[in-house]
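To start, the structure itself, in structure tokens.
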Amino acid sequence: MKISREKLYWFGHALVHPFDGFYEIRFRNQGSVLLAFLLMIAFAVMQCLSAQYTGFVMNLNNQDELDTLSMFISNISVLLLFSLSNWTVTTLFNGKGKLSDIFIVVCYSLTVLIIGEAIVCFVSNFVTTEEVMILNTVRALCIAWFVFLLVAGLGTIHEYGLGGNLASIVMSIVAAAIILFIGILLFTMLERMVSFFVSVGQELMRRL
């Protein structure tokens, strides 16, 4: 599956003109699920690299206890869970965006975080403690732009006003937390059931 030049153009356009760009992506089929998927993977990989290779003046991670595989899976899971919960919530409140549209908006918006984190990770190895504030400012600006892109993109594809859009995002976060809680609860119950049946099986084997 190829990513056309036109879709790449609208991807770049959406990063600086999110309302126009995401309109084209949603209503004129200019989005690419493949590109969004690659960006999601790039974001998860960048988070792992940042945790390992950010300069010591900014890196608070204990490298001996760092589990990059779990970090990678966690980042992927959070993005997928938010996309799913937003689709669930907006379906109930007449949102126009499809699940693929939501996924595209979320992953396209991650681009500024990927770029910003790459810059911070690299430059942090050459700065002093007094210069850390500059990199923290860069990181904060990237997060702010990501939030703006996400809010603008979701509002455009769902055709929501600002109030309704912000409410849907908050409800999506709540829904994601509920889904996560139920998932953990079910996993814990399943683990205990398996442990119980294994114990019963072992007891029966000893008696026989």
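Starting from 1 in every chain, residues are counted up; chains themselves are A, B, ... following the order of the structure tokens, and ligands are numbered from 1 as listed.
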
Just want the 8 Å neighbourhood of Leu135 (chain A), counted on only C-alpha atoms, with same-chain residues fewer than 4 positions away dropped. Output as a list in words. Val120, Ser124, Glu131 and Arg139 of chain A

Would you mind exporting the chosen residues as a CSV table (one decimal), in the first residue's frame, restricted to N, CA and C atoms?
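Contents of result_0.csv, as written:
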```csv
chain,number,residue,atom,x,y,z
A,120,VAL,N,14.8,17.6,21.6
A,120,VAL,CA,15.2,17.6,23.0
A,120,VAL,C,16.2,16.5,23.4
A,124,SER,N,19.9,17.7,24.4
A,124,SER,CA,20.1,17.6,25.8
A,124,SER,C,21.4,17.0,26.2
A,131,GLU,N,20.8,25.7,30.9
A,131,GLU,CA,20.1,25.7,29.6
A,131,GLU,C,19.0,24.8,29.4
A,139,ARG,N,9.8,21.7,24.6
A,139,ARG,CA,8.9,20.5,24.8
A,139,ARG,C,7.5,21.0,25.2
```

Quick one: residues within 12 Å of region 30-33 of chain A, only C-alpha atoms counted, chain neighbours fewer than 6 positions away excluded, as a ChimeraX atom specification? /A:1-14,20-24,39-40,98-108,153,157

Using only C-alpha atoms, I'd like a table of the residues in region 10-112 of chain A that come within 7 Å of region 168-189 of chain A; for each, show the closest atom pair and its distance in Å rounded to one decimal, ordered by chain and ascending number, as a Markdown table.
```
| residue | atom | partner | partner_atom | distance |
| --- | --- | --- | --- | --- |
| A:Leu81 | CA | A:Ala176 | CA | 6.1 |
| A:Phe82 | CA | A:Ala176 | CA | 6.0 |
| A:Ser85 | CA | A:Ser172 | CA | 5.2 |
| A:Asn86 | CA | A:Ser172 | CA | 4.7 |
| A:Val89 | CA | A:Ser172 | CA | 6.1 |
| A:Thr90 | CA | A:Ser168 | CA | 6.6 |
```

May I have the residues from that selection written out with N, CA and C atoms, as an mmCIF file, in the first residue's frame?
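File written: result02.cif
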```
data_model
loop_
_atom_site.group_PDB
_atom_site.id
_atom_site.type_symbol
_atom_site.label_atom_id
_atom_site.label_comp_id
_atom_site.auth_asym_id
_atom_site.auth_seq_id
_atom_site.Cartn_x
_atom_site.Cartn_y
_atom_site.Cartn_z
ATOM 1 N N LEU A 81 -6.467 3.115 22.690
ATOM 2 C CA LEU A 81 -7.571 3.192 23.649
ATOM 3 C C LEU A 81 -8.279 4.539 23.558
ATOM 4 N N PHE A 82 -7.507 5.630 23.424
ATOM 5 C CA PHE A 82 -8.145 6.943 23.293
ATOM 6 C C PHE A 82 -8.948 7.031 22.010
ATOM 7 N N SER A 85 -12.147 5.021 22.542
ATOM 8 C CA SER A 85 -13.079 5.647 23.485
ATOM 9 C C SER A 85 -13.702 6.904 22.885
ATOM 10 N N ASN A 86 -12.920 7.679 22.113
ATOM 11 C CA ASN A 86 -13.474 8.860 21.460
ATOM 12 C C ASN A 86 -14.529 8.476 20.435
ATOM 13 N N VAL A 89 -17.691 7.453 22.415
ATOM 14 C CA VAL A 89 -18.409 8.603 22.985
ATOM 15 C C VAL A 89 -19.092 9.421 21.898
ATOM 16 N N THR A 90 -18.359 9.731 20.837
ATOM 17 C CA THR A 90 -18.928 10.599 19.796
ATOM 18 C C THR A 90 -20.018 9.900 18.992
#
```

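Once region 76-78 of chain A and its same-chain neighbours fewer than 4 positions away are set aside, Phe37, Met40, Ile41, Phe43, Ala44, Val45, Ser70, Met71, Phe72, Phe82, Ser83, Leu84, Ala176 and Leu180 of chain A remain within 10 Å of it when counting only C-alpha atoms.
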
Neighbouring residues of Val123 (chain A) were defined as those with any atom within 10 Å, considering only C-alpha atoms; residues of the same chain fewer than 5 positions away were excluded. Please report them as a PyMOL selection string. chain A and resi 54-55+117-118+132+135

Among the residues A:Leu80, A:Cys121, A:Leu154, A:Leu113, the one that comes closest to Ala140 (chain A) [using only C-alpha atoms]: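 Between A:Leu80, A:Cys121, A:Leu154, A:Leu113, the residue approaching Ala140 (chain A) most closely is A:Leu113.
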
DSSP-assigned helix (DSSP H, G or I) members of region 31-179 of chain A, reported as a PyMOL selection string: chain A and resi 33-53+63-65+68-92+99-109+111-126+129-158+162-179
